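**Student:** Handing over entry03.txt, compact mmCIF, N, CA and C atoms.
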# COMPACT_ATOMS: atom_id res chain seq x y z
N MET A 1 -40.55 157.43 -193.17
CA MET A 1 -41.84 158.05 -192.93
C MET A 1 -41.67 159.56 -192.94
N MET A 2 -42.49 160.25 -193.71
CA MET A 2 -42.38 161.70 -193.84
C MET A 2 -43.53 162.38 -193.11
N ALA A 3 -43.21 163.48 -192.48
CA ALA A 3 -44.25 164.25 -191.79
C ALA A 3 -44.92 165.18 -192.79
N HIS A 4 -46.22 165.34 -192.64
CA HIS A 4 -46.97 166.24 -193.51
C HIS A 4 -46.90 167.65 -192.92
N VAL A 5 -46.48 168.60 -193.74
CA VAL A 5 -46.38 169.98 -193.29
C VAL A 5 -47.40 170.80 -194.07
N SER A 6 -48.26 171.45 -193.36
CA SER A 6 -49.29 172.28 -193.98
C SER A 6 -48.69 173.59 -194.46
N LYS A 7 -49.07 173.99 -195.69
CA LYS A 7 -48.60 175.26 -196.23
C LYS A 7 -49.67 176.34 -196.12
N SER A 8 -50.79 176.02 -195.49
CA SER A 8 -51.90 176.95 -195.44
C SER A 8 -51.75 178.03 -194.38
N GLY A 9 -50.82 177.87 -193.46
CA GLY A 9 -50.65 178.87 -192.42
C GLY A 9 -51.48 178.60 -191.18
N HIS A 10 -52.20 177.49 -191.16
CA HIS A 10 -53.03 177.17 -190.00
C HIS A 10 -52.21 176.84 -188.77
N ASN A 11 -50.94 176.51 -188.98
CA ASN A 11 -50.10 176.16 -187.83
C ASN A 11 -49.56 177.39 -187.12
N LYS A 12 -49.68 178.55 -187.75
CA LYS A 12 -49.21 179.78 -187.11
C LYS A 12 -50.16 180.18 -186.00
N MET A 13 -49.60 180.78 -184.96
CA MET A 13 -50.45 181.24 -183.86
C MET A 13 -51.25 182.45 -184.33
N ARG A 14 -52.54 182.44 -184.04
CA ARG A 14 -53.40 183.56 -184.40
C ARG A 14 -53.56 184.46 -183.20
N ARG A 15 -53.62 185.74 -183.48
CA ARG A 15 -53.89 186.71 -182.43
C ARG A 15 -55.39 186.85 -182.28
N VAL A 16 -55.86 186.73 -181.08
CA VAL A 16 -57.29 186.88 -180.82
C VAL A 16 -57.55 188.37 -180.61
N LYS A 17 -58.52 188.87 -181.34
CA LYS A 17 -58.87 190.28 -181.22
C LYS A 17 -59.51 190.53 -179.86
N PRO A 18 -58.98 191.51 -179.10
CA PRO A 18 -59.58 191.77 -177.78
C PRO A 18 -61.01 192.28 -177.91
N LEU A 19 -61.80 191.99 -176.89
CA LEU A 19 -63.18 192.44 -176.86
C LEU A 19 -63.24 193.95 -176.71
N THR A 20 -64.18 194.57 -177.41
CA THR A 20 -64.41 196.00 -177.21
C THR A 20 -65.18 196.17 -175.91
N ASP A 21 -65.28 197.40 -175.45
CA ASP A 21 -66.04 197.67 -174.22
C ASP A 21 -67.49 197.22 -174.36
N GLU A 22 -68.08 197.50 -175.52
CA GLU A 22 -69.47 197.10 -175.75
C GLU A 22 -69.60 195.58 -175.81
N ASP A 23 -68.59 194.90 -176.38
CA ASP A 23 -68.60 193.43 -176.41
C ASP A 23 -68.62 192.86 -175.00
N ILE A 24 -67.85 193.47 -174.10
CA ILE A 24 -67.78 192.99 -172.72
C ILE A 24 -69.14 193.12 -172.04
N VAL A 25 -69.84 194.21 -172.30
CA VAL A 25 -71.18 194.41 -171.73
C VAL A 25 -72.14 193.34 -172.27
N HIS A 26 -72.12 193.12 -173.58
CA HIS A 26 -72.99 192.08 -174.16
C HIS A 26 -72.62 190.70 -173.60
N GLU A 27 -71.33 190.45 -173.42
CA GLU A 27 -70.87 189.17 -172.88
C GLU A 27 -71.36 188.99 -171.44
N TYR A 28 -71.36 190.06 -170.65
CA TYR A 28 -71.87 190.00 -169.28
C TYR A 28 -73.31 189.47 -169.28
N PHE A 29 -74.17 190.06 -170.11
CA PHE A 29 -75.58 189.64 -170.14
C PHE A 29 -75.74 188.24 -170.71
N ARG A 30 -74.92 187.89 -171.71
CA ARG A 30 -74.99 186.54 -172.29
C ARG A 30 -74.60 185.48 -171.25
N LEU A 31 -73.55 185.75 -170.49
CA LEU A 31 -73.09 184.79 -169.49
C LEU A 31 -74.06 184.68 -168.32
N ILE A 32 -74.77 185.75 -168.00
CA ILE A 32 -75.84 185.68 -166.99
C ILE A 32 -76.91 184.70 -167.49
N LYS A 33 -77.29 184.82 -168.76
CA LYS A 33 -78.32 183.95 -169.34
C LYS A 33 -77.88 182.49 -169.40
N THR A 34 -76.62 182.27 -169.77
CA THR A 34 -76.13 180.89 -169.92
C THR A 34 -75.64 180.30 -168.60
N LYS A 35 -75.64 181.11 -167.55
CA LYS A 35 -75.26 180.68 -166.19
C LYS A 35 -73.83 180.15 -166.12
N ASP A 36 -72.93 180.84 -166.81
CA ASP A 36 -71.51 180.46 -166.80
C ASP A 36 -70.77 181.34 -165.80
N ILE A 37 -70.83 180.97 -164.53
CA ILE A 37 -70.30 181.80 -163.45
C ILE A 37 -68.79 182.00 -163.58
N TYR A 38 -68.06 180.99 -164.02
CA TYR A 38 -66.60 181.11 -164.08
C TYR A 38 -66.16 182.10 -165.15
N ARG A 39 -66.75 182.03 -166.32
CA ARG A 39 -66.40 183.00 -167.38
C ARG A 39 -66.92 184.38 -167.02
N LEU A 40 -68.07 184.44 -166.34
CA LEU A 40 -68.60 185.73 -165.92
C LEU A 40 -67.67 186.40 -164.92
N LEU A 41 -67.23 185.67 -163.92
CA LEU A 41 -66.29 186.23 -162.94
C LEU A 41 -64.99 186.67 -163.59
N ASP A 42 -64.59 185.99 -164.66
CA ASP A 42 -63.36 186.35 -165.36
C ASP A 42 -63.46 187.71 -166.05
N LEU A 43 -64.67 188.20 -166.29
CA LEU A 43 -64.84 189.54 -166.87
C LEU A 43 -64.50 190.64 -165.88
N PHE A 44 -64.48 190.31 -164.58
CA PHE A 44 -64.29 191.30 -163.52
C PHE A 44 -62.83 191.36 -163.06
N ALA A 45 -62.39 192.57 -162.70
CA ALA A 45 -61.09 192.75 -162.06
C ALA A 45 -61.16 192.11 -160.67
N GLU A 46 -60.01 191.74 -160.12
CA GLU A 46 -59.96 191.09 -158.80
C GLU A 46 -60.62 191.95 -157.72
N ASP A 47 -60.42 193.27 -157.78
CA ASP A 47 -60.94 194.17 -156.75
C ASP A 47 -62.21 194.92 -157.21
N ALA A 48 -62.92 194.34 -158.17
CA ALA A 48 -64.11 194.98 -158.73
C ALA A 48 -65.17 195.24 -157.66
N VAL A 49 -66.03 196.22 -157.95
CA VAL A 49 -67.11 196.59 -157.04
C VAL A 49 -68.43 196.54 -157.81
N ILE A 50 -69.44 195.95 -157.19
CA ILE A 50 -70.81 196.03 -157.72
C ILE A 50 -71.64 196.79 -156.70
N ASP A 51 -72.25 197.87 -157.16
CA ASP A 51 -73.16 198.66 -156.33
C ASP A 51 -74.56 198.38 -156.86
N GLU A 52 -75.36 197.70 -156.06
CA GLU A 52 -76.70 197.30 -156.50
C GLU A 52 -77.69 197.50 -155.36
N PRO A 53 -78.97 197.60 -155.68
CA PRO A 53 -79.96 197.98 -154.67
C PRO A 53 -80.41 196.88 -153.71
N PHE A 54 -79.92 195.66 -153.86
CA PHE A 54 -80.44 194.55 -153.06
C PHE A 54 -79.64 194.24 -151.81
N SER A 55 -78.33 194.38 -151.89
CA SER A 55 -77.46 194.04 -150.75
C SER A 55 -77.11 195.30 -149.98
N LYS A 56 -76.91 195.15 -148.70
CA LYS A 56 -76.48 196.29 -147.88
C LYS A 56 -75.18 195.91 -147.19
N SER A 57 -74.18 196.76 -147.35
CA SER A 57 -72.90 196.53 -146.67
C SER A 57 -72.97 197.13 -145.28
N GLU A 58 -71.89 197.00 -144.54
CA GLU A 58 -71.83 197.56 -143.19
C GLU A 58 -72.00 199.07 -143.21
N ALA A 59 -71.58 199.70 -144.29
CA ALA A 59 -71.70 201.16 -144.39
C ALA A 59 -73.10 201.59 -144.82
N GLY A 60 -74.00 200.61 -145.04
CA GLY A 60 -75.37 200.94 -145.39
C GLY A 60 -75.60 201.08 -146.88
N LYS A 61 -74.57 200.91 -147.68
CA LYS A 61 -74.70 200.98 -149.13
C LYS A 61 -74.68 199.57 -149.70
N GLY A 62 -75.03 199.44 -150.98
CA GLY A 62 -75.08 198.13 -151.61
C GLY A 62 -73.81 197.73 -152.32
N GLY A 63 -72.67 198.16 -151.84
CA GLY A 63 -71.41 197.86 -152.52
C GLY A 63 -70.84 196.50 -152.15
N LEU A 64 -70.58 195.68 -153.16
CA LEU A 64 -69.93 194.39 -152.98
C LEU A 64 -68.55 194.53 -153.60
N GLN A 65 -67.50 194.25 -152.84
CA GLN A 65 -66.14 194.44 -153.36
C GLN A 65 -65.36 193.14 -153.38
N GLY A 66 -64.73 192.88 -154.52
CA GLY A 66 -63.92 191.68 -154.70
C GLY A 66 -64.75 190.53 -155.25
N LYS A 67 -64.07 189.64 -155.96
CA LYS A 67 -64.78 188.54 -156.61
C LYS A 67 -65.51 187.63 -155.63
N SER A 68 -64.96 187.42 -154.43
CA SER A 68 -65.62 186.53 -153.47
C SER A 68 -66.95 187.12 -152.99
N ALA A 69 -67.07 188.45 -152.92
CA ALA A 69 -68.33 189.10 -152.54
C ALA A 69 -69.29 189.19 -153.72
N ILE A 70 -68.74 189.31 -154.92
CA ILE A 70 -69.55 189.47 -156.13
C ILE A 70 -70.19 188.14 -156.55
N GLU A 71 -69.47 187.04 -156.38
CA GLU A 71 -69.94 185.74 -156.88
C GLU A 71 -71.34 185.36 -156.40
N PRO A 72 -71.67 185.43 -155.10
CA PRO A 72 -73.04 185.06 -154.69
C PRO A 72 -74.11 185.94 -155.34
N PHE A 73 -73.83 187.23 -155.49
CA PHE A 73 -74.79 188.13 -156.15
C PHE A 73 -75.03 187.69 -157.59
N LEU A 74 -73.95 187.37 -158.32
CA LEU A 74 -74.08 186.96 -159.72
C LEU A 74 -74.86 185.65 -159.84
N LYS A 75 -74.67 184.74 -158.90
CA LYS A 75 -75.43 183.47 -158.91
C LYS A 75 -76.92 183.73 -158.73
N VAL A 76 -77.27 184.65 -157.84
CA VAL A 76 -78.68 185.01 -157.65
C VAL A 76 -79.22 185.69 -158.91
N ALA A 77 -78.43 186.57 -159.51
CA ALA A 77 -78.85 187.25 -160.75
C ALA A 77 -79.14 186.24 -161.85
N MET A 78 -78.34 185.18 -161.91
CA MET A 78 -78.56 184.13 -162.92
C MET A 78 -79.90 183.44 -162.70
N MET A 79 -80.21 183.14 -161.43
CA MET A 79 -81.48 182.47 -161.12
C MET A 79 -82.66 183.40 -161.45
N VAL A 80 -82.55 184.67 -161.07
CA VAL A 80 -83.64 185.62 -161.28
C VAL A 80 -83.88 185.87 -162.77
N ASN A 81 -82.83 185.84 -163.57
CA ASN A 81 -82.95 186.12 -165.00
C ASN A 81 -83.51 184.96 -165.81
N ALA A 82 -83.59 183.79 -165.23
CA ALA A 82 -84.13 182.63 -165.94
C ALA A 82 -85.55 182.93 -166.40
N GLY A 83 -85.80 182.81 -167.68
CA GLY A 83 -87.14 183.02 -168.23
C GLY A 83 -87.50 184.47 -168.50
N LEU A 84 -86.61 185.40 -168.18
CA LEU A 84 -86.88 186.80 -168.47
C LEU A 84 -86.51 187.12 -169.92
N ARG A 85 -87.32 187.95 -170.54
CA ARG A 85 -86.93 188.52 -171.83
C ARG A 85 -86.27 189.84 -171.52
N GLU A 86 -85.25 190.19 -172.29
CA GLU A 86 -84.56 191.45 -172.04
C GLU A 86 -84.24 192.14 -173.35
N GLU A 87 -84.27 193.45 -173.28
CA GLU A 87 -83.89 194.29 -174.41
C GLU A 87 -82.79 195.21 -173.90
N ILE A 88 -81.65 195.20 -174.58
CA ILE A 88 -80.48 195.96 -174.13
C ILE A 88 -80.17 197.07 -175.10
N GLU A 89 -80.03 198.27 -174.57
CA GLU A 89 -79.64 199.44 -175.36
C GLU A 89 -78.36 200.00 -174.74
N ILE A 90 -77.28 199.98 -175.51
CA ILE A 90 -75.98 200.41 -174.99
C ILE A 90 -75.58 201.77 -175.54
N GLN A 91 -75.17 202.65 -174.62
CA GLN A 91 -74.60 203.93 -175.03
C GLN A 91 -73.12 203.71 -175.29
N LYS A 92 -72.56 204.46 -176.21
CA LYS A 92 -71.14 204.34 -176.53
C LYS A 92 -70.29 204.63 -175.30
N SER A 93 -69.13 203.99 -175.25
CA SER A 93 -68.25 204.18 -174.09
C SER A 93 -67.67 205.58 -174.07
N LYS A 94 -67.45 206.07 -172.87
CA LYS A 94 -66.90 207.41 -172.66
C LYS A 94 -65.68 207.30 -171.77
N PRO A 95 -64.57 207.95 -172.17
CA PRO A 95 -63.38 207.92 -171.31
C PRO A 95 -63.64 208.63 -169.99
N ARG A 96 -62.99 208.16 -168.94
CA ARG A 96 -63.09 208.79 -167.63
C ARG A 96 -61.76 209.46 -167.32
N SER A 97 -61.73 210.45 -166.58
CA SER A 97 -60.62 211.27 -166.08
C SER A 97 -59.18 210.80 -166.35
N GLY A 98 -58.84 210.49 -167.59
CA GLY A 98 -57.47 210.22 -167.97
C GLY A 98 -56.78 209.02 -167.37
N ASN A 99 -57.49 208.15 -166.67
CA ASN A 99 -56.83 207.00 -166.03
C ASN A 99 -57.01 205.71 -166.84
N GLY A 100 -57.49 205.82 -168.07
CA GLY A 100 -57.67 204.64 -168.91
C GLY A 100 -58.98 203.91 -168.68
N THR A 101 -59.76 204.37 -167.73
CA THR A 101 -61.06 203.75 -167.44
C THR A 101 -62.10 204.33 -168.38
N LYS A 102 -62.99 203.47 -168.87
CA LYS A 102 -64.09 203.92 -169.72
C LYS A 102 -65.40 203.51 -169.09
N ARG A 103 -66.41 204.32 -169.33
CA ARG A 103 -67.75 204.06 -168.79
C ARG A 103 -68.67 203.67 -169.95
N VAL A 104 -69.41 202.59 -169.76
CA VAL A 104 -70.41 202.15 -170.73
C VAL A 104 -71.72 202.01 -169.96
N ILE A 105 -72.78 202.61 -170.49
CA ILE A 105 -74.09 202.54 -169.84
C ILE A 105 -75.02 201.70 -170.71
N ALA A 106 -75.67 200.73 -170.07
CA ALA A 106 -76.64 199.88 -170.75
C ALA A 106 -77.99 200.04 -170.06
N TYR A 107 -78.99 200.38 -170.85
CA TYR A 107 -80.36 200.41 -170.34
C TYR A 107 -80.99 199.09 -170.73
N VAL A 108 -81.50 198.36 -169.72
CA VAL A 108 -82.03 197.03 -169.97
C VAL A 108 -83.48 196.99 -169.51
N THR A 109 -84.34 196.56 -170.41
CA THR A 109 -85.75 196.36 -170.07
C THR A 109 -85.97 194.87 -169.92
N PHE A 110 -86.36 194.47 -168.72
CA PHE A 110 -86.65 193.07 -168.41
C PHE A 110 -88.15 192.88 -168.48
N GLU A 111 -88.59 191.73 -169.03
CA GLU A 111 -90.02 191.50 -169.15
C GLU A 111 -90.36 190.05 -168.83
N ARG A 112 -91.30 189.92 -167.92
CA ARG A 112 -91.94 188.64 -167.61
C ARG A 112 -93.28 189.05 -167.02
N GLY A 113 -94.28 189.13 -167.87
CA GLY A 113 -95.56 189.70 -167.44
C GLY A 113 -95.46 191.21 -167.51
N GLY A 114 -94.93 191.85 -166.46
CA GLY A 114 -94.70 193.30 -166.46
C GLY A 114 -93.30 193.61 -166.95
N LYS A 115 -93.02 194.91 -167.04
CA LYS A 115 -91.71 195.36 -167.49
C LYS A 115 -91.02 196.15 -166.40
N VAL A 116 -89.70 195.96 -166.30
CA VAL A 116 -88.86 196.72 -165.38
C VAL A 116 -87.66 197.18 -166.18
N LYS A 117 -87.28 198.45 -165.99
CA LYS A 117 -86.12 198.99 -166.69
C LYS A 117 -85.03 199.32 -165.69
N ALA A 118 -83.79 198.95 -166.04
CA ALA A 118 -82.65 199.21 -165.17
C ALA A 118 -81.52 199.84 -165.97
N ARG A 119 -80.72 200.61 -165.25
CA ARG A 119 -79.53 201.22 -165.83
C ARG A 119 -78.32 200.51 -165.24
N PHE A 120 -77.48 199.94 -166.10
CA PHE A 120 -76.25 199.27 -165.70
C PHE A 120 -75.09 200.15 -166.16
N THR A 121 -74.34 200.68 -165.21
CA THR A 121 -73.19 201.52 -165.54
C THR A 121 -71.93 200.71 -165.27
N PHE A 122 -71.23 200.37 -166.35
CA PHE A 122 -70.00 199.59 -166.28
C PHE A 122 -68.82 200.53 -166.37
N GLU A 123 -67.85 200.39 -165.50
CA GLU A 123 -66.58 201.08 -165.63
C GLU A 123 -65.54 200.02 -165.92
N LEU A 124 -64.86 200.17 -167.06
CA LEU A 124 -63.92 199.18 -167.54
C LEU A 124 -62.51 199.73 -167.53
N SER A 125 -61.57 198.90 -167.10
CA SER A 125 -60.17 199.32 -167.07
C SER A 125 -59.32 198.22 -167.69
N SER A 126 -58.07 198.54 -167.96
CA SER A 126 -57.14 197.56 -168.52
C SER A 126 -56.37 196.89 -167.41
N GLU A 127 -56.13 195.61 -167.61
CA GLU A 127 -55.38 194.82 -166.63
C GLU A 127 -54.50 193.87 -167.43
N GLU A 128 -53.28 193.64 -166.97
CA GLU A 128 -52.41 192.70 -167.66
C GLU A 128 -52.82 191.28 -167.32
N ASN A 129 -52.87 190.42 -168.36
CA ASN A 129 -53.19 189.01 -168.11
C ASN A 129 -51.90 188.21 -167.95
N TYR A 130 -52.01 186.90 -167.89
CA TYR A 130 -50.85 186.04 -167.65
C TYR A 130 -49.80 186.13 -168.76
N ASN A 131 -50.16 186.61 -169.96
CA ASN A 131 -49.22 186.78 -171.07
C ASN A 131 -48.68 188.19 -171.14
N SER A 132 -48.90 188.97 -170.10
CA SER A 132 -48.51 190.39 -170.06
C SER A 132 -49.16 191.21 -171.17
N GLN A 133 -50.35 190.78 -171.60
CA GLN A 133 -51.11 191.54 -172.58
C GLN A 133 -52.22 192.29 -171.84
N LYS A 134 -52.55 193.47 -172.35
CA LYS A 134 -53.62 194.25 -171.74
C LYS A 134 -54.96 193.60 -172.06
N GLN A 135 -55.82 193.55 -171.05
CA GLN A 135 -57.14 192.96 -171.20
C GLN A 135 -58.13 193.85 -170.47
N ARG A 136 -59.27 194.13 -171.09
CA ARG A 136 -60.29 194.96 -170.48
C ARG A 136 -61.05 194.14 -169.44
N LYS A 137 -61.28 194.75 -168.26
CA LYS A 137 -62.01 194.10 -167.17
C LYS A 137 -63.04 195.07 -166.62
N ILE A 138 -64.09 194.52 -166.04
CA ILE A 138 -65.09 195.34 -165.36
C ILE A 138 -64.51 195.71 -164.00
N GLN A 139 -64.30 197.01 -163.79
CA GLN A 139 -63.77 197.51 -162.52
C GLN A 139 -64.91 197.79 -161.55
N SER A 140 -66.01 198.32 -162.10
CA SER A 140 -67.19 198.54 -161.26
C SER A 140 -68.45 198.43 -162.09
N LEU A 141 -69.52 198.06 -161.42
CA LEU A 141 -70.84 197.95 -162.04
C LEU A 141 -71.84 198.54 -161.05
N CYS A 142 -72.59 199.53 -161.51
CA CYS A 142 -73.64 200.13 -160.70
C CYS A 142 -74.98 199.82 -161.35
N ILE A 143 -75.88 199.20 -160.60
CA ILE A 143 -77.20 198.83 -161.11
C ILE A 143 -78.25 199.68 -160.42
N GLN A 144 -79.07 200.37 -161.22
CA GLN A 144 -80.15 201.20 -160.68
C GLN A 144 -81.42 200.94 -161.47
N PHE A 145 -82.52 200.88 -160.77
CA PHE A 145 -83.81 200.74 -161.47
C PHE A 145 -84.32 202.12 -161.82
N VAL A 146 -84.85 202.24 -163.03
CA VAL A 146 -85.37 203.52 -163.52
C VAL A 146 -86.81 203.32 -163.96
N GLU A 147 -87.55 204.40 -164.03
CA GLU A 147 -88.98 204.40 -164.42
C GLU A 147 -89.84 203.63 -163.48
Now, as a test, write the supplied structure out as C-alpha cells.
**Tutor:**
Amino acid sequence: MMAHVSKSGHNKMRRVKPLTDEDIVHEYFRLIKTKDIYRLLDLFAEDAVIDEPFSKSEAGKGGLQGKSAIEPFLKVAMMVNAGLREEIEIQKSKPRSGNGTKRVIAYVTFERGGKVKARFTFELSSEENYNSQKQRKIQSLCIQFVE
C-alpha cells in the first residue's frame, strides 16, 4: 500500500498574515455584532483598560482594568448594539511616544431611530503569543460621545 503525497505544497505550514491596526478595530466592531465574547476578549491585552462613560470606578472615573472587569461591559455592549446600524470611519494609526504603541481613532455613528456619534480611541501594543510571535493587542480603549 502506497501513501499519496501531494506535490501542490498544501502540506506546508502557511504563515498567517498578522492583522493590521485598522483590521483589529474592524474586528472589534464585527465581534460586538456577532456576539463572540471569547474572540473579542482575545483582542485585548491581559491588563487592558476601557475608559467609558457608563461605569464608575472607585476613583470616580469610568476605567475598567483587566479582562475580568472588561468582560461584563463588552457583554452589555453586545446587547445594546443588537439591531443598531453603524457607520465606522477610521483615522490612520499614529505611533505613540516611541514605546511601540499606536493609536487608532474610529468615529462611529450608531442609528436606530435617532443618531448618536461616538469616538473610539484604541491604543494598540505588541504582545508575544504562545508561539513567541508578536501579536497586536488592544491595550486601551477610550469611548466618548461626540455631537
**Student:** Any idea what's packed within 6.5 Å of stretch 109-126 of chain A, counting only N, CA and C atoms, ignoring anything in its chain fewer than 2 positions away? Could you give it as a VMD selection string?
**Tutor:** chain A and resid 83 to 89 100 to 107 128 134 to 147
**Student:** In Å to one decimal, how far is atom N of A:Glu46 from atom CA of A:Glu22?
**Tutor:**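 Taking atom CA of A:Glu22 as the start and atom N of A:Glu46 as the end point, the length is 19.0 Å.
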**Student:** Which residue is closest to A:Asp51? Choose from A:Glu71, A:Asp21, A:Phe29, A:Leu64 and count only N, CA and C atoms.
**Tutor:**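 Among A:Glu71, A:Asp21, A:Phe29, A:Leu64, it is A:Leu64 that comes nearest to A:Asp51.
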**Student:** When you draw a straight line from atom N of A:Gly63 to atom CA of A:Ala48, how long is it in Å?
**Tutor:**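 Here the two named atoms are 11.4 Å from each other.
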**Student:** In Å to one decimal, how far is atom CA of A:Met78 from atom N of A:Ile32?
**Tutor:**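 Spanning atom N of A:Ile32 to atom CA of A:Met78 is a straight-line distance of 6.5 Å.
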**Student:** Could you check which of A:Lys33, A:Ile50, A:His26, A:Ala82 is closest to A:Ala69, using only N, CA and C atoms?
**Tutor:**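 Ranking A:Lys33, A:Ile50, A:His26, A:Ala82 by distance to A:Ala69, first place goes to A:Ile50.
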**Student:** DSSP on the backbone, strand (DSSP E) only: what residues of stretch 78-113 of chain A does that give? Format it as a VMD selection string.
**Tutor:** chain A and resid 85 to 90 94 to 95 102 to 112
**Student:** Please rebuild stretch 99-107 of chain A with all heavy atoms and give the result as a PDB file, in the coordinates of the input.
**Tutor:**
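File written: selection_23.pdb
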ATOM      1  N   ASN A  99     -57.490 208.150-166.670  1.00  0.00           N
ATOM      2  CA  ASN A  99     -56.830 207.000-166.030  1.00  0.00           C
ATOM      3  C   ASN A  99     -57.010 205.710-166.840  1.00  0.00           C
ATOM      4  O   ASN A  99     -56.722 204.636-166.342  1.00  0.00           O
ATOM      5  CB  ASN A  99     -57.332 206.813-164.597  1.00  0.00           C
ATOM      6  CG  ASN A  99     -58.817 206.532-164.534  1.00  0.00           C
ATOM      7  OD1 ASN A  99     -59.483 206.452-165.553  1.00  0.00           O
ATOM      8  ND2 ASN A  99     -59.337 206.396-163.327  1.00  0.00           N
ATOM      9  N   GLY A 100     -57.490 205.820-168.070  1.00  0.00           N
ATOM     10  CA  GLY A 100     -57.670 204.640-168.910  1.00  0.00           C
ATOM     11  C   GLY A 100     -58.980 203.910-168.680  1.00  0.00           C
ATOM     12  O   GLY A 100     -59.277 202.927-169.348  1.00  0.00           O
ATOM     13  N   THR A 101     -59.760 204.370-167.730  1.00  0.00           N
ATOM     14  CA  THR A 101     -61.060 203.750-167.440  1.00  0.00           C
ATOM     15  C   THR A 101     -62.100 204.330-168.380  1.00  0.00           C
ATOM     16  O   THR A 101     -62.098 205.514-168.667  1.00  0.00           O
ATOM     17  CB  THR A 101     -61.477 204.031-165.974  1.00  0.00           C
ATOM     18  OG1 THR A 101     -60.460 203.542-165.115  1.00  0.00           O
ATOM     19  CG2 THR A 101     -62.781 203.359-165.633  1.00  0.00           C
ATOM     20  N   LYS A 102     -62.990 203.470-168.870  1.00  0.00           N
ATOM     21  CA  LYS A 102     -64.090 203.920-169.720  1.00  0.00           C
ATOM     22  C   LYS A 102     -65.400 203.510-169.090  1.00  0.00           C
ATOM     23  O   LYS A 102     -65.493 202.487-168.419  1.00  0.00           O
ATOM     24  CB  LYS A 102     -63.982 203.334-171.130  1.00  0.00           C
ATOM     25  CG  LYS A 102     -62.895 203.963-171.956  1.00  0.00           C
ATOM     26  CD  LYS A 102     -63.043 203.577-173.392  1.00  0.00           C
ATOM     27  CE  LYS A 102     -61.966 204.252-174.223  1.00  0.00           C
ATOM     28  NZ  LYS A 102     -61.998 203.785-175.598  1.00  0.00           N
ATOM     29  N   ARG A 103     -66.410 204.320-169.330  1.00  0.00           N
ATOM     30  CA  ARG A 103     -67.750 204.060-168.790  1.00  0.00           C
ATOM     31  C   ARG A 103     -68.670 203.670-169.950  1.00  0.00           C
ATOM     32  O   ARG A 103     -68.701 204.348-170.971  1.00  0.00           O
ATOM     33  CB  ARG A 103     -68.285 205.309-168.100  1.00  0.00           C
ATOM     34  CG  ARG A 103     -69.711 205.140-167.599  1.00  0.00           C
ATOM     35  CD  ARG A 103     -70.202 206.372-166.928  1.00  0.00           C
ATOM     36  NE  ARG A 103     -69.589 206.417-165.603  1.00  0.00           N
ATOM     37  CZ  ARG A 103     -69.719 207.411-164.764  1.00  0.00           C
ATOM     38  NH1 ARG A 103     -70.412 208.481-165.095  1.00  0.00           N
ATOM     39  NH2 ARG A 103     -69.157 207.369-163.581  1.00  0.00           N
ATOM     40  N   VAL A 104     -69.410 202.590-169.760  1.00  0.00           N
ATOM     41  CA  VAL A 104     -70.410 202.150-170.730  1.00  0.00           C
ATOM     42  C   VAL A 104     -71.720 202.010-169.960  1.00  0.00           C
ATOM     43  O   VAL A 104     -71.766 201.358-168.916  1.00  0.00           O
ATOM     44  CB  VAL A 104     -70.041 200.798-171.372  1.00  0.00           C
ATOM     45  CG1 VAL A 104     -71.116 200.359-172.350  1.00  0.00           C
ATOM     46  CG2 VAL A 104     -68.688 200.878-172.068  1.00  0.00           C
ATOM     47  N   ILE A 105     -72.780 202.610-170.490  1.00  0.00           N
ATOM     48  CA  ILE A 105     -74.090 202.540-169.840  1.00  0.00           C
ATOM     49  C   ILE A 105     -75.020 201.700-170.710  1.00  0.00           C
ATOM     50  O   ILE A 105     -75.119 201.907-171.916  1.00  0.00           O
ATOM     51  CB  ILE A 105     -74.690 203.945-169.621  1.00  0.00           C
ATOM     52  CG1 ILE A 105     -73.772 204.743-168.683  1.00  0.00           C
ATOM     53  CG2 ILE A 105     -76.110 203.848-169.062  1.00  0.00           C
ATOM     54  CD1 ILE A 105     -74.163 206.195-168.521  1.00  0.00           C
ATOM     55  N   ALA A 106     -75.670 200.730-170.070  1.00  0.00           N
ATOM     56  CA  ALA A 106     -76.640 199.880-170.750  1.00  0.00           C
ATOM     57  C   ALA A 106     -77.990 200.040-170.060  1.00  0.00           C
ATOM     58  O   ALA A 106     -78.083 199.900-168.841  1.00  0.00           O
ATOM     59  CB  ALA A 106     -76.198 198.418-170.700  1.00  0.00           C
ATOM     60  N   TYR A 107     -78.990 200.380-170.850  1.00  0.00           N
ATOM     61  CA  TYR A 107     -80.360 200.410-170.340  1.00  0.00           C
ATOM     62  C   TYR A 107     -80.990 199.090-170.730  1.00  0.00           C
ATOM     63  O   TYR A 107     -81.001 198.714-171.901  1.00  0.00           O
ATOM     64  CB  TYR A 107     -81.150 201.588-170.916  1.00  0.00           C
ATOM     65  CG  TYR A 107     -80.706 202.909-170.348  1.00  0.00           C
ATOM     66  CD1 TYR A 107     -79.761 203.698-171.004  1.00  0.00           C
ATOM     67  CD2 TYR A 107     -81.197 203.354-169.124  1.00  0.00           C
ATOM     68  CE1 TYR A 107     -79.339 204.903-170.466  1.00  0.00           C
ATOM     69  CE2 TYR A 107     -80.774 204.555-168.581  1.00  0.00           C
ATOM     70  CZ  TYR A 107     -79.849 205.327-169.262  1.00  0.00           C
ATOM     71  OH  TYR A 107     -79.423 206.510-168.718  1.00  0.00           O
TER      72      TYR A 107
END
